[in-house]
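Shown next: data_29.pdb, containing PDB, C-alpha atoms.
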```pdb
ATOM      1  CA  SER A  30       0.000   0.000   0.000
ATOM      2  CA  PRO A  31       1.216   3.575  -0.598
ATOM      3  CA  LYS A  32       3.322   5.131   2.093
ATOM      4  CA  GLU A  33       1.319   7.793   3.907
ATOM      5  CA  TYR A  34       2.607  10.996   5.469
ATOM      6  CA  GLN A  35       1.500  14.548   6.092
ATOM      7  CA  SER A  36       1.951  17.369   3.611
ATOM      8  CA  GLY A  37       3.752  19.580   6.119
ATOM      9  CA  ASP A  38       6.808  17.352   6.367
ATOM     10  CA  PHE A  39       9.174  19.223   4.055
ATOM     11  CA  LYS A  40      12.773  18.159   3.655
ATOM     12  CA  THR A  41      15.583  20.022   1.913
ATOM     13  CA  SER A  42      18.426  18.326   0.074
ATOM     14  CA  SER A  43      21.129  19.431  -2.337
ATOM     15  CA  VAL A  44      23.909  18.127  -4.568
ATOM     16  CA  ALA A  45      27.184  20.041  -4.737
ATOM     17  CA  LYS A  46      28.507  20.876  -8.203
ATOM     18  CA  GLU A  47      31.732  18.997  -8.932
ATOM     19  CA  SER A  48      34.352  21.074 -10.733
ATOM     20  CA  SER A  49      34.584  18.438 -13.498
ATOM     21  CA  VAL A  50      30.873  18.649 -14.376
ATOM     22  CA  GLN A  51      30.146  20.411 -17.670
ATOM     23  CA  LYS A  52      26.615  19.151 -18.354
ATOM     24  CA  GLY A  53      23.558  18.111 -16.345
ATOM     25  CA  THR A  54      20.752  15.648 -16.991
ATOM     26  CA  LEU A  55      17.615  15.657 -14.846
ATOM     27  CA  SER A  56      14.866  13.048 -14.947
ATOM     28  CA  LEU A  57      11.865  13.732 -12.708
ATOM     29  CA  ASN A  58       8.991  11.256 -12.488
ATOM     30  CA  TYR A  59       6.565  13.195 -10.320
ATOM     31  CA  GLY A  60       2.872  12.658 -10.979
ATOM     32  CA  ALA A  61       0.259  15.025  -9.598
ATOM     33  CA  GLY A  62       0.863  17.978  -7.314
ATOM     34  CA  GLU A  63       2.549  21.358  -7.200
ATOM     35  CA  ILE A  64       5.876  21.822  -8.968
ATOM     36  CA  GLU A  65       8.268  24.765  -9.172
ATOM     37  CA  LEU A  66      11.552  24.626 -11.031
ATOM     38  CA  ALA A  67      14.077  27.465 -11.132
ATOM     39  CA  SER A  68      17.844  28.070 -11.134
ATOM     40  CA  THR A  69      20.720  28.445  -8.695
ATOM     41  CA  GLY A  70      24.280  29.692  -9.077
ATOM     42  CA  GLU A  71      25.739  27.469  -6.387
ATOM     43  CA  GLU A  72      24.719  23.829  -6.055
ATOM     44  CA  LEU A  73      24.198  21.434  -8.939
ATOM     45  CA  MET A  74      20.693  20.838  -7.612
ATOM     46  CA  LYS A  75      18.715  22.084  -4.642
ATOM     47  CA  MET A  76      15.354  20.636  -3.661
ATOM     48  CA  ARG A  77      12.640  21.182  -1.068
ATOM     49  CA  THR A  78       9.797  18.684  -1.079
ATOM     50  CA  ASN A  79       7.283  16.829   1.063
ATOM     51  CA  VAL A  80       7.533  13.708  -1.121
ATOM     52  CA  PRO A  81       9.946  11.316   0.651
ATOM     53  CA  ASP A  82      10.588   9.267  -2.493
ATOM     54  CA  LEU A  83      12.227  12.288  -4.110
ATOM     55  CA  THR A  84      14.753  12.737  -1.306
ATOM     56  CA  THR A  85      16.218   9.291  -2.079
ATOM     57  CA  TYR A  86      17.271  10.173  -5.623
ATOM     58  CA  ASP A  87      19.908   8.601  -7.844
ATOM     59  CA  TYR A  88      22.985  10.685  -8.624
ATOM     60  CA  SER A  89      25.828   9.594 -10.878
ATOM     61  CA  LEU A  90      28.634  10.970 -13.023
ATOM     62  CA  ARG A  91      29.194   9.858 -16.601
ATOM     63  CA  ASP A  92      31.531  10.546 -19.505
ATOM     64  CA  ASP A  93      34.753  10.942 -17.487
ATOM     65  CA  GLU A  94      32.777  12.702 -14.752
ATOM     66  CA  THR A  95      31.806  15.591 -17.055
ATOM     67  CA  GLU A  96      28.059  14.804 -17.049
ATOM     68  CA  ALA A  97      25.999  14.753 -13.860
ATOM     69  CA  VAL A  98      22.841  12.629 -13.954
ATOM     70  CA  ILE A  99      20.042  13.083 -11.403
ATOM     71  CA  GLU A 100      17.031  10.771 -11.360
ATOM     72  CA  LEU A 101      14.065  11.416  -9.067
ATOM     73  CA  ASN A 102      11.231   8.914  -8.964
ATOM     74  CA  ARG A 103       8.074   9.286  -6.962
ATOM     75  CA  LYS A 104       6.216   6.091  -6.082
ATOM     76  CA  SER A 105       3.976   6.923  -3.142
ATOM     77  CA  GLU A 106       0.969   9.064  -2.419
ATOM     78  CA  ILE A 107       0.676  11.582   0.379
ATOM     79  CA  GLY A 108      -1.940  10.510   2.877
ATOM     80  CA  GLY A 109      -3.747   8.867  -0.014
ATOM     81  CA  ASN A 110      -4.054  12.257  -1.729
ATOM     82  CA  PHE A 111      -1.759  13.346  -4.555
ATOM     83  CA  ASP A 112      -2.991  16.938  -4.352
ATOM     84  CA  ASN A 113      -0.874  17.701  -1.265
ATOM     85  CA  ALA A 114       2.433  16.992  -2.986
ATOM     86  CA  SER A 115       4.877  19.859  -3.502
ATOM     87  CA  CYS A 116       8.345  19.979  -5.018
ATOM     88  CA  TYR A 117      10.596  23.034  -5.385
ATOM     89  CA  LEU A 118      13.675  22.345  -7.470
ATOM     90  CA  ASP A 119      16.622  24.553  -8.498
ATOM     91  CA  LEU A 120      19.196  23.589 -11.148
ATOM     92  CA  ASN A 121      22.659  25.050 -11.683
ATOM     93  CA  LYS A 122      22.587  27.829 -14.278
ATOM     94  CA  ASP A 123      26.254  27.569 -15.323
ATOM     95  CA  ILE A 124      25.995  24.304 -17.301
ATOM     96  CA  PRO A 125      23.705  23.088 -20.118
ATOM     97  CA  TRP A 126      20.875  20.707 -19.200
ATOM     98  CA  ASP A 127      18.760  17.934 -20.634
ATOM     99  CA  ILE A 128      15.519  17.885 -18.631
ATOM    100  CA  ASP A 129      12.863  15.157 -18.692
ATOM    101  CA  LEU A 130       9.736  15.935 -16.656
ATOM    102  CA  ASN A 131       6.900  13.455 -16.208
ATOM    103  CA  LEU A 132       4.418  15.529 -14.249
ATOM    104  CA  GLY A 133       0.971  13.973 -14.535
ATOM    105  CA  ALA A 134      -1.839  16.198 -13.268
ATOM    106  CA  SER A 135       0.423  18.915 -11.937
ATOM    107  CA  LYS A 136       0.351  22.668 -11.590
ATOM    108  CA  GLY A 137       3.118  25.192 -11.172
ATOM    109  CA  GLU A 138       5.925  27.191 -12.732
ATOM    110  CA  ILE A 139       8.838  25.793 -14.702
ATOM    111  CA  ASP A 140      11.203  28.774 -14.847
ATOM    112  CA  LEU A 141      14.102  27.796 -17.116
ATOM    113  CA  SER A 142      14.801  31.376 -18.200
ATOM    114  CA  ASP A 143      18.326  31.422 -16.712
ATOM    115  CA  LEU A 144      19.257  27.930 -17.915
ATOM    116  CA  ASP A 145      20.885  26.647 -21.084
ATOM    117  CA  VAL A 146      18.325  23.957 -21.921
ATOM    118  CA  LYS A 147      19.502  21.646 -24.702
ATOM    119  CA  LYS A 148      16.466  19.391 -24.508
ATOM    120  CA  LEU A 149      13.208  19.571 -22.575
ATOM    121  CA  VAL A 150      10.820  16.614 -22.578
ATOM    122  CA  LEU A 151       7.510  17.396 -20.906
ATOM    123  CA  SER A 152       4.990  14.592 -20.359
ATOM    124  CA  VAL A 153       1.841  15.741 -18.571
ATOM    125  CA  GLY A 154      -1.747  14.684 -17.961
ATOM    126  CA  ALA A 155      -4.307  17.291 -16.933
ATOM    127  CA  ALA A 156      -1.696  19.892 -16.034
ATOM    128  CA  HIS A 157      -1.629  23.652 -15.675
ATOM    129  CA  LEU A 158       1.925  24.887 -16.190
ATOM    130  CA  ASP A 159       3.694  28.153 -16.908
ATOM    131  CA  VAL A 160       7.035  27.454 -18.605
ATOM    132  CA  ALA A 161       9.668  30.140 -19.225
ATOM    133  CA  LEU A 162      12.560  29.550 -21.616
ATOM    134  CA  GLY A 163      15.483  31.935 -21.791
ATOM    135  CA  SER A 164      18.146  33.404 -24.053
ATOM    136  CA  ASN A 165      21.061  31.590 -22.378
ATOM    137  CA  ALA A 166      20.516  28.574 -24.609
ATOM    138  CA  THR A 167      23.035  28.245 -27.437
ATOM    139  CA  GLY A 168      22.132  26.897 -30.865
ATOM    140  CA  LYS A 169      19.118  24.643 -31.269
ATOM    141  CA  SER A 170      17.136  23.443 -28.261
ATOM    142  CA  GLU A 171      14.581  20.668 -28.584
ATOM    143  CA  VAL A 172      11.268  20.861 -26.707
ATOM    144  CA  GLU A 173       9.109  17.734 -26.835
ATOM    145  CA  ILE A 174       5.633  17.878 -25.317
ATOM    146  CA  GLU A 175       3.206  15.022 -24.830
ATOM    147  CA  SER A 176       0.069  16.172 -23.081
ATOM    148  CA  GLY A 177      -3.482  15.265 -22.228
ATOM    149  CA  ALA A 178      -6.079  17.923 -21.447
ATOM    150  CA  SER A 179      -3.707  20.625 -20.212
ATOM    151  CA  ASN A 180      -3.218  24.349 -20.088
ATOM    152  CA  LEU A 181       0.376  25.105 -21.093
ATOM    153  CA  ASN A 182       1.753  28.641 -21.246
ATOM    154  CA  PHE A 183       5.227  29.269 -22.662
ATOM    155  CA  ALA A 184       7.215  32.483 -22.326
ATOM    156  CA  ILE A 185       9.884  32.723 -25.043
ATOM    157  CA  PRO A 186      12.516  35.463 -25.420
ATOM    158  CA  LYS A 187      11.591  37.619 -28.391
ATOM    159  CA  GLU A 188      15.118  37.352 -29.800
ATOM    160  CA  ALA A 189      14.802  33.569 -30.104
ATOM    161  CA  GLY A 190      13.871  31.688 -33.244
ATOM    162  CA  LEU A 191      10.808  29.487 -32.869
ATOM    163  CA  LYS A 192       9.706  26.383 -34.771
ATOM    164  CA  ILE A 193       6.522  24.567 -33.732
ATOM    165  CA  GLN A 194       5.069  21.308 -34.977
ATOM    166  CA  LEU A 195       1.648  20.677 -33.449
ATOM    167  CA  GLU A 196      -0.275  17.414 -33.658
ATOM    168  CA  SER A 197      -3.813  18.015 -32.458
ATOM    169  CA  ALA A 198      -7.091  19.131 -33.914
ATOM    170  CA  LEU A 199      -8.684  19.957 -30.588
ATOM    171  CA  VAL A 200      -6.182  22.296 -28.952
ATOM    172  CA  THR A 201      -6.870  26.010 -28.640
ATOM    173  CA  HIS A 202      -3.659  27.899 -29.385
ATOM    174  CA  ASN A 203      -2.363  31.354 -30.265
ATOM    175  CA  ILE A 204       0.390  30.294 -32.679
ATOM    176  CA  ASP A 205      -1.250  32.320 -35.452
ATOM    177  CA  ASP A 206      -0.865  35.475 -33.363
ATOM    178  CA  ILE A 207       2.887  35.462 -32.677
ATOM    179  CA  GLY A 208       4.188  36.188 -36.160
ATOM    180  CA  LEU A 209       5.236  32.718 -37.333
ATOM    181  CA  GLN A 210       4.988  31.494 -40.907
ATOM    182  CA  LYS A 211       3.218  28.258 -41.827
ATOM    183  CA  GLN A 212       5.452  25.854 -43.754
ATOM    184  CA  ASP A 213       4.290  22.330 -44.517
ATOM    185  CA  ASP A 214       3.202  20.899 -41.142
ATOM    186  CA  TYR A 215       4.972  23.378 -38.870
ATOM    187  CA  TYR A 216       5.131  27.050 -37.929
ATOM    188  CA  ILE A 217       8.468  28.891 -38.004
ATOM    189  CA  SER A 218      10.016  32.302 -37.369
ATOM    190  CA  SER A 219      10.879  34.081 -40.616
ATOM    191  CA  ASP A 220      14.568  34.382 -39.654
ATOM    192  CA  TYR A 221      14.773  31.163 -37.617
ATOM    193  CA  GLU A 222      18.093  29.944 -39.041
ATOM    194  CA  ASN A 223      19.802  33.268 -38.311
ATOM    195  CA  LYS A 224      18.907  33.306 -34.633
ATOM    196  CA  SER A 225      21.592  32.450 -32.065
ATOM    197  CA  VAL A 226      18.904  30.890 -29.852
ATOM    198  CA  GLN A 227      16.470  28.456 -31.494
ATOM    199  CA  TYR A 228      13.637  26.536 -29.828
ATOM    200  CA  ASN A 229      12.242  23.629 -31.825
ATOM    201  CA  PHE A 230       8.872  22.464 -30.432
ATOM    202  CA  ASP A 231       7.297  19.090 -31.184
ATOM    203  CA  VAL A 232       3.865  19.061 -29.530
ATOM    204  CA  GLU A 233       1.340  16.237 -29.202
ATOM    205  CA  MET A 234      -1.735  17.291 -27.234
ATOM    206  CA  GLY A 235      -5.139  15.739 -26.748
ATOM    207  CA  LEU A 236      -7.185  18.691 -25.544
ATOM    208  CA  GLY A 237      -6.519  21.963 -23.817
ATOM    209  CA  ASN A 238      -4.842  25.294 -24.383
ATOM    210  CA  LEU A 239      -1.370  26.055 -25.702
ATOM    211  CA  ASN A 240      -0.176  29.636 -25.489
ATOM    212  CA  PHE A 241       3.076  31.318 -26.440
ATOM    213  CA  ARG A 242       4.222  34.720 -25.255
ATOM    214  CA  MET A 243       7.251  36.431 -26.820
ATOM    215  CA  GLU A 244       8.885  38.754 -24.311
TER     216      GLU A 244
END
```

Here is the file; what I need is its structure written in the form of structure tokens.
Amino acid sequence: SPKEYQSGDFKTSSVAKESSVQKGTLSLNYGAGEIELASTGEELMKMRTNVPDLTTYDYSLRDDETEAVIELNRKSEIGGNFDNASCYLDLNKDIPWDIDLNLGASKGEIDLSDLDVKKLVLSVGAAHLDVALGSNATGKSEVEIESGASNLNFAIPKEAGLKIQLESALVTHNIDDIGLQKQDDYYISSDYENKSVQYNFDVEMGLGNLNFRME
């Protein structure tokens, strides 16, 4: 049976950044609840959560200790109720990241505006998320979204190039309002290839709302 505990039992944990680490990979299997992700200039990762499973994470170094890999897997419910779960996570802003988030029916803010995100994979159920991407990314960054009936809001720096492929007939979106051109089965910024920061979105959504804000 699921392990039960109270939502007030928050624990803080962190991983120091090794001097050899030049890249980070985060895999978070979370489920339903509140999620906030942001950046830090000190540790490799800093976390505050009331989900005990997440405090026993896997951490390893690969590729001659230049890549740090963090895996967080949640297995249990909180007092039989997923809604009480909360996780606040900060990632080091001085290295590039691959980030894989399996968030289920979650809500919160994914603020990656200070991070160099090489790849973001976002798998969600009935989620409500605000996601901010920044101008610290270099070259092309891949954003893969697989979503059920969600509300997803993305803030994109206006100096970034944007390419969006959307597979869904039932999603309400504002892609037509942000100045992209339709080419074949995707939308693209007119000067996409000339941009130093490029976000390439591949979106599969069942229902819901998908909004982009250039700022």

Which residues match the PyMOL selection byres ((chain A and resi 139) around 7) in the file above, as a list in words?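 For this structure, the PyMOL selection byres ((chain A and resi 139) around 7) resolves to Glu65, Leu66, Ala67, Gly137, Glu138, Asp140, Leu141, Asp159, Val160 and Ala161 of chain A.
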
Which residue is closest to A:Ser152? Choose from A:Met234, A:Val98, A:Ala114, A:Ile185 and count only C-alpha atoms.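 Of the candidates, the smallest distance to A:Ser152 is held by A:Met234.
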
Determine the residue membership of the PyMOL selection byres ((chain A and resi 43) around 10) for the file above and supply it as JSON, numbers by chain. {"A": [41, 42, 44, 45, 46, 72, 73, 74, 75, 76, 77, 84, 118, 119, 120]}

I'd like the residues picked by the PyMOL selection byres ((chain A and resi 150) around 7) written out as a short mmCIF file (atom, residue, chain, number, x, y, z; two decimals) with C-alpha atoms, in the coordinates of the input, using the chain letters and numbers from the file.
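Wrote result.cif, looks like this:
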```
data_model
loop_
_atom_site.label_atom_id
_atom_site.label_comp_id
_atom_site.auth_asym_id
_atom_site.auth_seq_id
_atom_site.Cartn_x
_atom_site.Cartn_y
_atom_site.Cartn_z
CA ILE A 128 15.52 17.89 -18.63
CA ASP A 129 12.86 15.16 -18.69
CA LEU A 130 9.74 15.94 -16.66
CA LYS A 148 16.47 19.39 -24.51
CA LEU A 149 13.21 19.57 -22.58
CA LEU A 151 7.51 17.40 -20.91
CA SER A 152 4.99 14.59 -20.36
CA VAL A 172 11.27 20.86 -26.71
CA GLU A 173 9.11 17.73 -26.84
CA ILE A 174 5.63 17.88 -25.32
#
```

For the atom pair atom CA of A:Glu63 and atom CA of A:Asn113, what is the interatomic distance in Å to one decimal place? 7.8 Å

Need the axis-aligned box for stretch 58-77 of chain A with 5 Å each side, so what are the centre and edges in Å to one decimal, as AutoDock Vina command-line options?
```
--center_x 13.0 --center_y 20.5 --center_z -6.8 --size_x 35.5 --size_y 28.4 --size_z 21.4
```

Skip A:Lys211 itself and residues of its chain fewer than 6 positions away, then list as an MDAnalysis selection string all residues within 10 Å of it, counting only C-alpha atoms. chainID A and resid 192:194 204:205 217:219
